[in-house]
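K.L.:
Sending over my_file_19.txt (compact mmCIF, C-alpha atoms and all ligand atoms).
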```txt
# COMPACT_ATOMS: atom_id res chain seq x y z
CA MET A 3 36.87 27.16 -11.53
CA ASN A 4 36.83 25.84 -15.09
CA LYS A 5 33.99 26.43 -17.52
CA THR A 6 32.35 23.00 -17.02
CA VAL A 7 32.29 23.33 -13.26
CA MET A 8 30.92 26.87 -13.53
CA THR A 9 28.16 25.68 -15.86
CA ARG A 10 27.19 22.85 -13.51
CA THR A 11 27.17 25.15 -10.50
CA PHE A 12 25.03 27.68 -12.35
CA ALA A 13 22.64 24.94 -13.46
CA ARG A 14 22.26 23.73 -9.86
CA LEU A 15 21.52 27.28 -8.73
CA LEU A 16 18.89 27.68 -11.44
CA ALA A 17 17.38 24.32 -10.56
CA LEU A 18 16.99 25.48 -6.97
CA LEU A 19 15.07 28.48 -8.30
CA GLY A 20 12.88 26.30 -10.50
CA LEU A 21 14.52 27.50 -13.71
CA SER A 22 16.45 25.76 -16.45
CA LEU A 23 19.49 26.73 -18.51
CA CYS A 24 17.30 27.38 -21.56
CA GLY A 25 15.58 30.09 -19.59
CA THR A 26 12.14 28.56 -19.28
CA VAL A 27 10.32 28.18 -16.01
CA ALA A 28 10.23 24.54 -15.02
CA HIS A 29 6.78 22.96 -14.93
CA ALA A 30 5.33 23.43 -11.49
CA GLN A 31 5.10 20.01 -9.86
CA SER A 32 2.05 20.80 -7.80
CA PHE A 33 1.47 17.28 -6.60
CA THR A 34 3.97 14.79 -5.27
CA LEU A 35 3.89 11.15 -4.30
CA ALA A 36 4.33 10.76 -0.55
CA PRO A 37 6.14 7.69 0.76
CA LEU A 38 3.92 4.98 2.18
CA PRO A 39 3.26 5.42 5.90
CA TYR A 40 4.76 1.93 6.45
CA PRO A 41 7.30 -0.35 4.68
CA TYR A 42 6.24 -2.11 1.47
CA ASP A 43 6.07 -5.47 3.25
CA ALA A 44 4.08 -4.19 6.25
CA LEU A 45 0.69 -5.42 5.02
CA ALA A 46 1.83 -8.97 4.21
CA PRO A 47 0.46 -11.59 4.14
CA VAL A 48 -2.77 -9.72 3.35
CA ILE A 49 -1.17 -7.65 0.57
CA ASP A 50 2.23 -8.82 -0.64
CA GLU A 51 5.32 -6.61 -0.90
CA ARG A 52 5.62 -6.80 -4.70
CA THR A 53 2.02 -5.66 -5.20
CA MET A 54 2.62 -2.72 -2.88
CA GLN A 55 5.83 -1.73 -4.68
CA ILE A 56 4.17 -1.75 -8.09
CA HIS A 57 0.92 -0.24 -6.88
CA HIS A 58 2.56 2.67 -5.08
CA GLY A 59 5.75 3.15 -7.06
CA LYS A 60 4.35 2.63 -10.56
CA HIS A 61 0.57 3.08 -10.62
CA HIS A 62 0.26 5.87 -8.06
CA GLN A 63 3.38 7.59 -9.37
CA ALA A 64 1.88 7.58 -12.87
CA TYR A 65 -1.33 9.22 -11.63
CA VAL A 66 0.73 11.97 -9.98
CA ASP A 67 2.93 12.51 -13.05
CA ASN A 68 0.00 12.56 -15.46
CA LEU A 69 -1.97 14.90 -13.21
CA ASN A 70 0.94 17.34 -13.08
CA LYS A 71 1.29 17.25 -16.86
CA ALA A 72 -2.42 17.93 -17.31
CA ILE A 73 -2.37 20.80 -14.80
CA ALA A 74 0.66 22.33 -16.50
CA ALA A 75 -1.35 22.36 -19.74
CA ALA A 76 -4.39 23.94 -18.04
CA PRO A 77 -3.21 27.04 -16.13
CA ALA A 78 -6.74 27.80 -14.89
CA LEU A 79 -6.47 24.71 -12.68
CA SER A 80 -3.06 25.59 -11.29
CA GLY A 81 -3.03 26.36 -7.59
CA LEU A 82 -6.24 24.50 -6.77
CA SER A 83 -6.05 21.96 -3.99
CA LEU A 84 -6.80 18.41 -5.03
CA GLU A 85 -10.07 18.48 -3.09
CA ALA A 86 -11.13 21.72 -4.82
CA LEU A 87 -10.26 20.19 -8.17
CA LEU A 88 -12.37 17.10 -7.46
CA ALA A 89 -15.34 19.16 -6.24
CA GLN A 90 -15.58 20.76 -9.70
CA ILE A 91 -14.22 17.90 -11.76
CA SER A 92 -17.09 18.19 -14.25
CA LYS A 93 -15.27 21.27 -15.61
CA SER A 94 -12.15 19.22 -16.40
CA GLY A 95 -11.47 16.58 -18.99
CA ASP A 96 -11.01 12.86 -18.45
CA VAL A 97 -7.24 13.12 -17.92
CA VAL A 98 -7.59 15.34 -14.86
CA ARG A 99 -10.60 13.35 -13.65
CA ASN A 100 -8.83 9.98 -13.90
CA ASN A 101 -5.45 11.08 -12.59
CA GLY A 102 -6.70 13.55 -9.99
CA GLY A 103 -9.02 10.87 -8.68
CA GLY A 104 -6.24 8.31 -8.87
CA HIS A 105 -3.93 10.48 -6.77
CA TRP A 106 -6.53 11.29 -4.10
CA ASN A 107 -7.94 7.76 -3.92
CA HIS A 108 -4.58 6.06 -3.50
CA THR A 109 -3.30 8.52 -0.91
CA PHE A 110 -6.50 7.92 1.08
CA PHE A 111 -6.19 4.15 0.57
CA TRP A 112 -2.60 3.90 1.87
CA GLU A 113 -3.53 5.91 4.94
CA SER A 114 -6.54 3.67 5.64
CA MET A 115 -4.38 0.59 6.22
CA THR A 116 -1.93 -0.60 8.83
CA ARG A 117 -0.13 -3.81 9.77
CA PRO A 118 -2.41 -6.86 10.08
CA GLY A 119 -4.18 -6.89 13.42
CA GLN A 120 -2.94 -3.40 14.40
CA GLY A 121 -5.97 -1.40 13.28
CA GLY A 122 -8.05 -1.73 16.43
CA ALA A 123 -11.85 -1.57 16.25
CA PRO A 124 -14.45 1.08 15.35
CA SER A 125 -14.93 3.68 18.10
CA THR A 126 -18.08 3.49 20.18
CA GLU A 127 -19.45 6.45 18.25
CA LEU A 128 -18.66 4.94 14.82
CA LEU A 129 -19.93 1.50 15.80
CA ALA A 130 -23.22 3.05 16.95
CA ALA A 131 -23.62 4.79 13.58
CA ILE A 132 -22.74 1.60 11.68
CA THR A 133 -25.30 -0.35 13.74
CA ARG A 134 -27.91 2.37 13.21
CA ASP A 135 -27.45 2.49 9.42
CA PHE A 136 -26.53 -1.12 8.53
CA GLY A 137 -27.86 -3.22 11.42
CA SER A 138 -24.46 -4.47 12.64
CA LEU A 139 -20.75 -4.37 11.83
CA ASP A 140 -21.06 -7.72 10.04
CA GLN A 141 -23.94 -6.42 7.95
CA PHE A 142 -21.91 -3.36 7.03
CA LYS A 143 -19.01 -5.59 5.98
CA ALA A 144 -21.39 -7.73 3.91
CA ALA A 145 -22.73 -4.62 2.14
CA PHE A 146 -19.19 -3.40 1.49
CA ARG A 147 -18.18 -6.82 0.12
CA ALA A 148 -21.23 -6.98 -2.13
CA ALA A 149 -20.50 -3.50 -3.51
CA GLY A 150 -16.87 -4.47 -4.15
CA LEU A 151 -17.86 -7.64 -5.93
CA GLY A 152 -20.59 -5.85 -7.83
CA ARG A 153 -18.27 -3.25 -9.32
CA PHE A 154 -17.84 -4.51 -12.89
CA GLY A 155 -14.33 -3.87 -14.17
CA SER A 156 -12.25 -1.34 -12.23
CA GLY A 157 -13.27 0.99 -9.45
CA TRP A 158 -13.62 1.57 -5.75
CA VAL A 159 -15.95 0.76 -2.88
CA TRP A 160 -16.46 3.34 -0.14
CA LEU A 161 -17.97 3.96 3.26
CA ILE A 162 -19.18 7.57 3.25
CA VAL A 163 -21.06 9.99 5.47
CA ASP A 164 -23.70 11.81 3.43
CA ALA A 165 -24.88 15.39 3.91
CA ASN A 166 -27.46 14.22 6.47
CA GLY A 167 -24.91 12.34 8.59
CA LYS A 168 -26.05 8.94 7.35
CA LEU A 169 -23.46 6.25 6.61
CA LYS A 170 -23.67 4.64 3.19
CA VAL A 171 -21.73 2.10 1.13
CA VAL A 172 -21.22 3.29 -2.43
CA SER A 173 -19.10 2.25 -5.38
CA THR A 174 -17.50 4.41 -8.08
CA PRO A 175 -16.09 3.39 -11.47
CA ASN A 176 -12.49 3.88 -12.60
CA GLN A 177 -10.83 6.55 -10.38
CA ASP A 178 -13.99 8.47 -9.53
CA ASN A 179 -14.80 9.10 -5.88
CA PRO A 180 -17.63 10.51 -3.72
CA LEU A 181 -15.96 13.94 -3.51
CA MET A 182 -16.49 14.54 -7.23
CA ASP A 183 -19.41 16.61 -8.41
CA VAL A 184 -20.07 13.92 -11.01
CA ALA A 185 -20.55 11.17 -8.40
CA SER A 186 -24.05 9.71 -8.25
CA GLU A 187 -23.83 9.66 -4.44
CA ARG A 188 -21.63 12.28 -2.83
CA GLY A 189 -20.33 12.36 0.70
CA THR A 190 -17.27 12.37 2.94
CA PRO A 191 -15.27 9.16 2.53
CA LEU A 192 -14.33 7.36 5.72
CA LEU A 193 -12.92 4.22 4.11
CA GLY A 194 -12.20 3.09 0.57
CA ASN A 195 -10.96 -0.09 -1.03
CA ASP A 196 -9.33 -0.34 -4.43
CA VAL A 197 -10.91 -3.13 -6.48
CA TRP A 198 -8.82 -2.59 -9.59
CA GLU A 199 -7.08 -5.86 -10.48
CA HIS A 200 -3.70 -4.15 -10.00
CA ALA A 201 -4.52 -3.99 -6.27
CA TYR A 202 -4.69 -7.74 -5.78
CA TYR A 203 -4.02 -9.79 -8.94
CA LEU A 204 -0.44 -10.93 -8.19
CA GLN A 205 -1.53 -12.57 -4.96
CA TYR A 206 -5.21 -13.31 -5.43
CA GLN A 207 -5.48 -13.56 -9.26
CA ASN A 208 -9.21 -13.46 -10.10
CA ARG A 209 -10.35 -14.06 -6.51
CA ARG A 210 -11.57 -10.57 -5.68
CA ALA A 211 -13.82 -11.96 -2.94
CA ASP A 212 -10.82 -13.43 -1.10
CA TYR A 213 -9.01 -10.09 -1.32
CA LEU A 214 -12.06 -8.21 -0.01
CA ASP A 215 -12.44 -10.66 2.89
CA ALA A 216 -8.75 -10.61 3.87
CA TRP A 217 -8.51 -6.82 3.58
CA TRP A 218 -10.38 -6.21 6.86
CA GLN A 219 -7.26 -7.44 8.68
CA VAL A 220 -5.34 -4.34 7.56
CA VAL A 221 -8.07 -1.71 7.91
CA ASP A 222 -6.98 0.97 10.39
CA TRP A 223 -10.19 1.39 12.38
CA ASN A 224 -8.45 3.79 14.73
CA LEU A 225 -7.95 6.20 11.83
CA ILE A 226 -11.40 5.58 10.33
CA SER A 227 -12.92 6.42 13.71
CA LYS A 228 -10.98 9.71 13.78
CA ARG A 229 -12.23 10.51 10.28
CA TYR A 230 -15.80 9.88 11.44
CA ALA A 231 -15.35 12.11 14.49
CA ALA A 232 -13.90 14.87 12.27
CA SER A 233 -16.84 14.59 9.87
CA ARG A 234 -19.26 15.43 12.70
CA LYS A 235 -17.58 18.71 13.68
FE FE B 1 -4.92 1.22 -7.43
```
The structure in this file should be written as structure tokens.
Ligand SMILES: [Fe+2]
P.N.:
Amino acid sequence: MNKTVMTRTFARLLALLGLSLCGTVAHAQSFTLAPLPYPYDALAPVIDERTMQIHHGKHHQAYVDNLNKAIAAAPALSGLSLEALLAQISKSGDVVRNNGGGHWNHTFFWESMTRPGQGGAPSTELLAAITRDFGSLDQFKAAFRAAGLGRFGSGWVWLIVDANGKLKVVSTPNQDNPLMDVASERGTPLLGNDVWEHAYYLQYQNRRADYLDAWWQVVDWNLISKRYAASRK
């Protein structure tokens, strides 16, 4: 084995151990970007393939990368789960808040969607709670739409269960979410929609209302119903 091959082999071995040839411990990559649970074109024509590629592969990846850099520079935060980090986000700076929120929100968002028409309907239990707290499913959707349209600039609109078991529609700015201790209304998210322009601009341009209306076609009610059932245990 010549010297070059030996060096490469040694470097691979060190890499497996999380070390580098200069002897420093590699930055712990605590958080990683999971693949989408469906192909990039699965949500078309509601959300186009190019938007999904950029949104997941560029925007979400950047939140993960920037979060890992911030955690590496703040050892006290290392080892915390993302949910634990968000629950005490007031102790962190804006970089962790924006990128930690960005990572959690987008992961939750991807999981909330499925192919158009494949998401089923709210469970009997969830529909009863929606009817109790909003009047009807249509009235809930109208409240969700209004909150999405009312969010000035960038942010999210959510369906949450509060501490008393009541369903509410809330909106958060930027990458904040209802799990954060800084949120004006906290609760367990059941559903969230991204109303940043990067979520819809290629296909819908400035027509956020059209995006919000079309989006119901890809909501995975089967999963949202499971989240609601889990929140009641
Ligand atoms: Fe986004």
K.L.:
Which chains and residue numbers are within 9 Å of ligand FE 1 (chain B), counting only C-alpha atoms and all ligand atoms, if I want them as a PyMOL selection string?
P.N.:
chain A and resi 57-58+61-62+104+107-108+111+157-158+177+195-201
K.L.:
From the list A:Leu204, A:Leu45, A:Met182, A:Leu193, which residue is nearest Ser94 in chain A when using only C-alpha atoms?
P.N.:
A:Met182
K.L.:
Given 8 Å on each side, where is the centre and what are the edge lengths in Å to one decimal of the axis-aligned box enclosing the listed atoms of range 56-66 of chain A, as lines of an AutoDock Vina configuration file?
P.N.:
```
center_x = 2.2
center_y = 5.1
center_z = -9.0
size_x = 23.1
size_y = 29.7
size_z = 23.8
```
K.L.:
What's the separation between CA of Pro180 in chain A and CA of Glu85 in chain A, in Å to one decimal place?
P.N.:
11.0 Å
K.L.:
Tell me which protein, DNA and RNA residues are within 9 Å of Ala89 in chain A, counting only C-alpha atoms, leaving out same-chain ones fewer than 3 positions away, and put them as a list in words.
P.N.:
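Here the answer would be Leu84, Glu85, Ala86, Ser92, Leu181, Met182, Asp183 and Val184 of chain A.
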K.L.:
Nearest residue to Gln90 in chain A out of A:Trp160, A:Ala231, A:Gly102, A:Ala36, using all atoms listed in the file?
P.N.:
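Using all atoms listed in the file, Gln90 in chain A sits closest to A:Gly102.
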